[in-house]
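Everything on this sheet refers to the single structure shown next.
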Amino acid sequence: VENPKFVPGAINDSVASPAIAYRKQDALTEEQREYLVQYYRDYGRFLRERGWIDRGWVYVWDEPAAEDHPKIIGICKIIHEADPGLKCLLTRYPTPDLFGYVDIYVMTPDQWQGVSALPEHKQRMSRAEWTRELHKRIAERRAAGDQVWIYLAESVHPYPSFERIDYPLVDARAVFWTLRTIQCDGLFYWTTGYWPGPLACDASTADFRYTRIRTGQSNWLANPGCGTLMYPVIKGD
């Protein structure tokens with residue numbers, strides 16, 4: 001989508017998420033709200049003209065906490081007002097206060113299996129109870145027409161992942177076999193070409209990643225291959 005002129009603070013430079021500036025504000029200004037309605041109305045029209053509306057979605061908020069839900073609901077209302085056919089995607093497990101606003105819930109593999117007992121449930125239910133509750137919600141949202149996807153954002157072993165080049169090659173195939181087995185509706189991957197700078201494929205960046213791994217400082221940025229399914233071409237290569 002070719003972006004129109006942005007209202008400062010209304011949205012970041014991606015059609016994916018309007019939440020970047022909103023995180024720092026108590027509420028959207030009327031100017032920002034009007035801008036977003038028009039923006040997503042144009043986005044919906046863009047998709048419809050190409051027959052893509054059934055595959056289009058909006059990444060509303062990245063990995064929110066419970067206290068972010070009121071703002072998320074407000075953004076979802078704006079998006080659906082702009083075009084009811086647009087789907088709101090959220091990297092969050094199905095949560096009752098979001099029902100009717102979020103259309104696509106995205107969870108990591110360990111969350112799907114109930115292995116990671118989420119903090120807000122630790123005090124009132126066991127992991128087994130939480131897993132049953134979670135899958136009950138998944139079934140309810142699917143019956144209501146929503147979708148539930150798997151999210152690969154950082155490798156979570158023993159679950160398969162295709163994002164690290166130092167993992168067994170069979171992992172890449174196992175990802176899609178797993179999705180089919182659990183009848184997942186989709187796969188979400190955060191980006192295909194993440195580089196922290198214009199020449200981030202040079203030796204200094206490679207050494208940065210290697211050094212962090214070798215010294216036990218590995219994290220999502222240092223993981224070899226993380227977010228880099230596509231590599232930039234260096235002039236002359």
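Here's how to read the names in the structure tokens: chain A, B, ... by the order shown, residue numbers from 1 in each chain, ligand numbers from 1 in the order shown.
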
Open item on the list: Just want the 9 Å neighbourhood of A:Pro64, counted on only C-alpha atoms, with same-chain residues fewer than 4 positions away dropped. Output as a ChimeraX atom specification.
Closed with: /A:68-69,72,90-92

How about saving the chosen residues, N, CA and C atoms kept, as a PDB file, in the first residue's frame?
ATOM      1  N   ASP A  68      -3.271  -3.251  28.272  1.00  0.00           N
ATOM      2  CA  ASP A  68      -3.367  -2.633  26.951  1.00  0.00           C
ATOM      3  C   ASP A  68      -4.711  -2.897  26.273  1.00  0.00           C
ATOM      4  N   HIS A  69      -5.502  -3.805  26.820  1.00  0.00           N
ATOM      5  CA  HIS A  69      -6.728  -4.235  26.154  1.00  0.00           C
ATOM      6  C   HIS A  69      -7.694  -3.102  25.835  1.00  0.00           C
ATOM      7  N   ILE A  72      -6.537  -1.466  22.735  1.00  0.00           N
ATOM      8  CA  ILE A  72      -6.660  -2.402  21.613  1.00  0.00           C
ATOM      9  C   ILE A  72      -8.101  -2.450  21.122  1.00  0.00           C
ATOM     10  N   LEU A  90      -3.904 -10.078  16.539  1.00  0.00           N
ATOM     11  CA  LEU A  90      -3.250  -9.737  17.797  1.00  0.00           C
ATOM     12  C   LEU A  90      -2.415 -10.916  18.274  1.00  0.00           C
ATOM     13  N   THR A  91      -1.174 -10.661  18.684  1.00  0.00           N
ATOM     14  CA  THR A  91      -0.334 -11.717  19.254  1.00  0.00           C
ATOM     15  C   THR A  91      -0.709 -11.880  20.728  1.00  0.00           C
ATOM     16  N   ARG A  92      -1.816 -12.591  20.920  1.00  0.00           N
ATOM     17  CA  ARG A  92      -2.394 -12.764  22.257  1.00  0.00           C
ATOM     18  C   ARG A  92      -3.301 -13.993  22.213  1.00  0.00           C
TER      19      ARG A  92
END

At most 12 Å is the cut-off: for each residue in stretch 50-112 of chain A with any atom that close to an atom of stretch 183-192 of chain A, write down the nearest atom pair and the distance in Å rounded to one decimal, counting only C-alpha atoms, chain first then increasing number, as JSON lines.
{"residue": "A:Arg55", "atom": "CA", "partner": "A:Gly186", "partner_atom": "CA", "distance": 11.0}
{"residue": "A:Trp57", "atom": "CA", "partner": "A:Phe188", "partner_atom": "CA", "distance": 11.6}
{"residue": "A:Tyr59", "atom": "CA", "partner": "A:Trp190", "partner_atom": "CA", "distance": 10.1}
{"residue": "A:Asp62", "atom": "CA", "partner": "A:Trp190", "partner_atom": "CA", "distance": 9.6}
{"residue": "A:Glu63", "atom": "CA", "partner": "A:Trp190", "partner_atom": "CA", "distance": 11.1}
{"residue": "A:Leu89", "atom": "CA", "partner": "A:Phe188", "partner_atom": "CA", "distance": 9.9}
{"residue": "A:Leu90", "atom": "CA", "partner": "A:Phe188", "partner_atom": "CA", "distance": 10.4}
{"residue": "A:Thr91", "atom": "CA", "partner": "A:Phe188", "partner_atom": "CA", "distance": 9.0}
{"residue": "A:Asp103", "atom": "CA", "partner": "A:Asp185", "partner_atom": "CA", "distance": 11.8}
{"residue": "A:Ile104", "atom": "CA", "partner": "A:Asp185", "partner_atom": "CA", "distance": 9.1}
{"residue": "A:Tyr105", "atom": "CA", "partner": "A:Asp185", "partner_atom": "CA", "distance": 9.8}
{"residue": "A:Val106", "atom": "CA", "partner": "A:Phe188", "partner_atom": "CA", "distance": 7.3}
{"residue": "A:Met107", "atom": "CA", "partner": "A:Phe188", "partner_atom": "CA", "distance": 9.0}
{"residue": "A:Thr108", "atom": "CA", "partner": "A:Phe188", "partner_atom": "CA", "distance": 9.4}
{"residue": "A:Pro109", "atom": "CA", "partner": "A:Cys184", "partner_atom": "CA", "distance": 10.5}
{"residue": "A:Trp112", "atom": "CA", "partner": "A:Cys184", "partner_atom": "CA", "distance": 9.8}

Task: Residue nearest A:Tyr43 - candidates A:His135, A:Arg180, A:His80, A:Lys71, atoms counted: only C-alpha atoms - done: A:His80

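Atom CA of A:Gly56 sits 20.5 Å away from atom CA of A:Gly193.
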
TODO: Could you please determine the separation between atom CA of A:Thr178 and atom CA of A:Gly225 in Å, to one decimal place?
DONE: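 Straight-line distance from atom CA of A:Thr178 to atom CA of A:Gly225 works out to 21.0 Å.
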
- [ ] Step one, run DSSP on the backbone; step two, keep only residues of stretch 154-191 of chain A assigned to alpha helix (DSSP H); then write them as a ChimeraX atom specification.
- [x] /A:170-181

Just to be explicit: take each residue in the selection above, keep all heavy atoms, and write the result as an mmCIF file, in the first residue's frame.
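Just written: selection_0.cif:
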data_model
loop_
_atom_site.group_PDB
_atom_site.id
_atom_site.type_symbol
_atom_site.label_atom_id
_atom_site.label_comp_id
_atom_site.auth_asym_id
_atom_site.auth_seq_id
_atom_site.Cartn_x
_atom_site.Cartn_y
_atom_site.Cartn_z
ATOM 1 N N VAL A 170 15.190 -30.529 9.460
ATOM 2 C CA VAL A 170 13.866 -31.137 9.555
ATOM 3 C C VAL A 170 12.901 -30.249 10.328
ATOM 4 O O VAL A 170 11.669 -30.366 10.186
ATOM 5 C CB VAL A 170 13.956 -32.539 10.211
ATOM 6 C CG1 VAL A 170 14.270 -32.412 11.700
ATOM 7 C CG2 VAL A 170 12.671 -33.334 9.978
ATOM 8 N N ASP A 171 13.415 -29.343 11.154
ATOM 9 C CA ASP A 171 12.549 -28.430 11.906
ATOM 10 C C ASP A 171 11.631 -27.636 10.988
ATOM 11 O O ASP A 171 10.462 -27.400 11.308
ATOM 12 C CB ASP A 171 13.397 -27.461 12.739
ATOM 13 C CG ASP A 171 13.689 -27.996 14.128
ATOM 14 O OD1 ASP A 171 13.722 -29.231 14.273
ATOM 15 O OD2 ASP A 171 13.888 -27.192 15.046
ATOM 16 N N ALA A 172 12.165 -27.185 9.850
ATOM 17 C CA ALA A 172 11.380 -26.364 8.935
ATOM 18 C C ALA A 172 10.159 -27.129 8.422
ATOM 19 O O ALA A 172 9.065 -26.572 8.296
ATOM 20 C CB ALA A 172 12.247 -25.887 7.773
ATOM 21 N N ARG A 173 10.349 -28.403 8.124
ATOM 22 C CA ARG A 173 9.222 -29.220 7.680
ATOM 23 C C ARG A 173 8.281 -29.539 8.836
ATOM 24 O O ARG A 173 7.064 -29.584 8.674
ATOM 25 C CB ARG A 173 9.725 -30.517 7.052
ATOM 26 C CG ARG A 173 10.456 -30.324 5.736
ATOM 27 C CD ARG A 173 10.705 -31.648 5.045
ATOM 28 N NE ARG A 173 11.324 -31.456 3.744
ATOM 29 C CZ ARG A 173 11.493 -32.431 2.855
ATOM 30 N NH1 ARG A 173 11.095 -33.659 3.137
ATOM 31 N NH2 ARG A 173 12.068 -32.184 1.695
ATOM 32 N N ALA A 174 8.861 -29.763 9.996
ATOM 33 C CA ALA A 174 8.050 -30.144 11.156
ATOM 34 C C ALA A 174 7.087 -29.036 11.559
ATOM 35 O O ALA A 174 6.011 -29.310 12.100
ATOM 36 C CB ALA A 174 8.952 -30.513 12.330
ATOM 37 N N VAL A 175 7.464 -27.770 11.313
ATOM 38 C CA VAL A 175 6.574 -26.650 11.638
ATOM 39 C C VAL A 175 5.226 -26.841 10.958
ATOM 40 O O VAL A 175 4.163 -26.787 11.591
ATOM 41 C CB VAL A 175 7.195 -25.311 11.203
ATOM 42 C CG1 VAL A 175 6.149 -24.192 11.258
ATOM 43 C CG2 VAL A 175 8.374 -24.950 12.094
ATOM 44 N N PHE A 176 5.244 -27.086 9.658
ATOM 45 C CA PHE A 176 3.995 -27.154 8.910
ATOM 46 C C PHE A 176 3.251 -28.473 9.159
ATOM 47 O O PHE A 176 2.019 -28.516 9.115
ATOM 48 C CB PHE A 176 4.291 -26.950 7.415
ATOM 49 C CG PHE A 176 4.886 -25.597 7.149
ATOM 50 C CD1 PHE A 176 6.264 -25.425 7.061
ATOM 51 C CD2 PHE A 176 4.079 -24.483 7.048
ATOM 52 C CE1 PHE A 176 6.811 -24.162 6.858
ATOM 53 C CE2 PHE A 176 4.617 -23.226 6.843
ATOM 54 C CZ PHE A 176 5.989 -23.063 6.750
ATOM 55 N N TRP A 177 3.997 -29.529 9.452
ATOM 56 C CA TRP A 177 3.356 -30.774 9.850
ATOM 57 C C TRP A 177 2.606 -30.569 11.159
ATOM 58 O O TRP A 177 1.468 -31.039 11.326
ATOM 59 C CB TRP A 177 4.409 -31.873 10.007
ATOM 60 C CG TRP A 177 3.844 -33.186 10.458
ATOM 61 C CD1 TRP A 177 3.298 -34.168 9.685
ATOM 62 C CD2 TRP A 177 3.752 -33.645 11.815
ATOM 63 N NE1 TRP A 177 2.880 -35.223 10.463
ATOM 64 C CE2 TRP A 177 3.133 -34.933 11.778
ATOM 65 C CE3 TRP A 177 4.127 -33.116 13.044
ATOM 66 C CZ2 TRP A 177 2.896 -35.674 12.925
ATOM 67 C CZ3 TRP A 177 3.889 -33.857 14.192
ATOM 68 C CH2 TRP A 177 3.283 -35.118 14.128
ATOM 69 N N THR A 178 3.228 -29.842 12.086
ATOM 70 C CA THR A 178 2.595 -29.568 13.375
ATOM 71 C C THR A 178 1.321 -28.746 13.199
ATOM 72 O O THR A 178 0.289 -29.029 13.814
ATOM 73 C CB THR A 178 3.574 -28.819 14.303
ATOM 74 O OG1 THR A 178 4.741 -29.604 14.491
ATOM 75 C CG2 THR A 178 2.927 -28.535 15.644
ATOM 76 N N LEU A 179 1.382 -27.717 12.354
ATOM 77 C CA LEU A 179 0.207 -26.872 12.125
ATOM 78 C C LEU A 179 -0.956 -27.699 11.593
ATOM 79 O O LEU A 179 -2.109 -27.504 11.992
ATOM 80 C CB LEU A 179 0.544 -25.754 11.137
ATOM 81 C CG LEU A 179 1.604 -24.742 11.562
ATOM 82 C CD1 LEU A 179 1.771 -23.665 10.502
ATOM 83 C CD2 LEU A 179 1.262 -24.112 12.902
ATOM 84 N N ARG A 180 -0.655 -28.589 10.667
ATOM 85 C CA ARG A 180 -1.709 -29.440 10.111
ATOM 86 C C ARG A 180 -2.257 -30.398 11.163
ATOM 87 O O ARG A 180 -3.468 -30.638 11.234
ATOM 88 C CB ARG A 180 -1.168 -30.222 8.915
ATOM 89 C CG ARG A 180 -2.221 -31.072 8.210
ATOM 90 C CD ARG A 180 -1.636 -31.758 6.989
ATOM 91 N NE ARG A 180 -2.621 -32.583 6.306
ATOM 92 C CZ ARG A 180 -3.476 -32.138 5.397
ATOM 93 N NH1 ARG A 180 -3.459 -30.858 5.052
ATOM 94 N NH2 ARG A 180 -4.341 -32.954 4.822
ATOM 95 N N THR A 181 -1.382 -30.925 11.995
ATOM 96 C CA THR A 181 -1.799 -31.885 13.013
ATOM 97 C C THR A 181 -2.760 -31.267 14.024
ATOM 98 O O THR A 181 -3.755 -31.881 14.412
ATOM 99 C CB THR A 181 -0.568 -32.456 13.750
ATOM 100 O OG1 THR A 181 0.281 -33.113 12.805
ATOM 101 C CG2 THR A 181 -0.986 -33.443 14.819
#
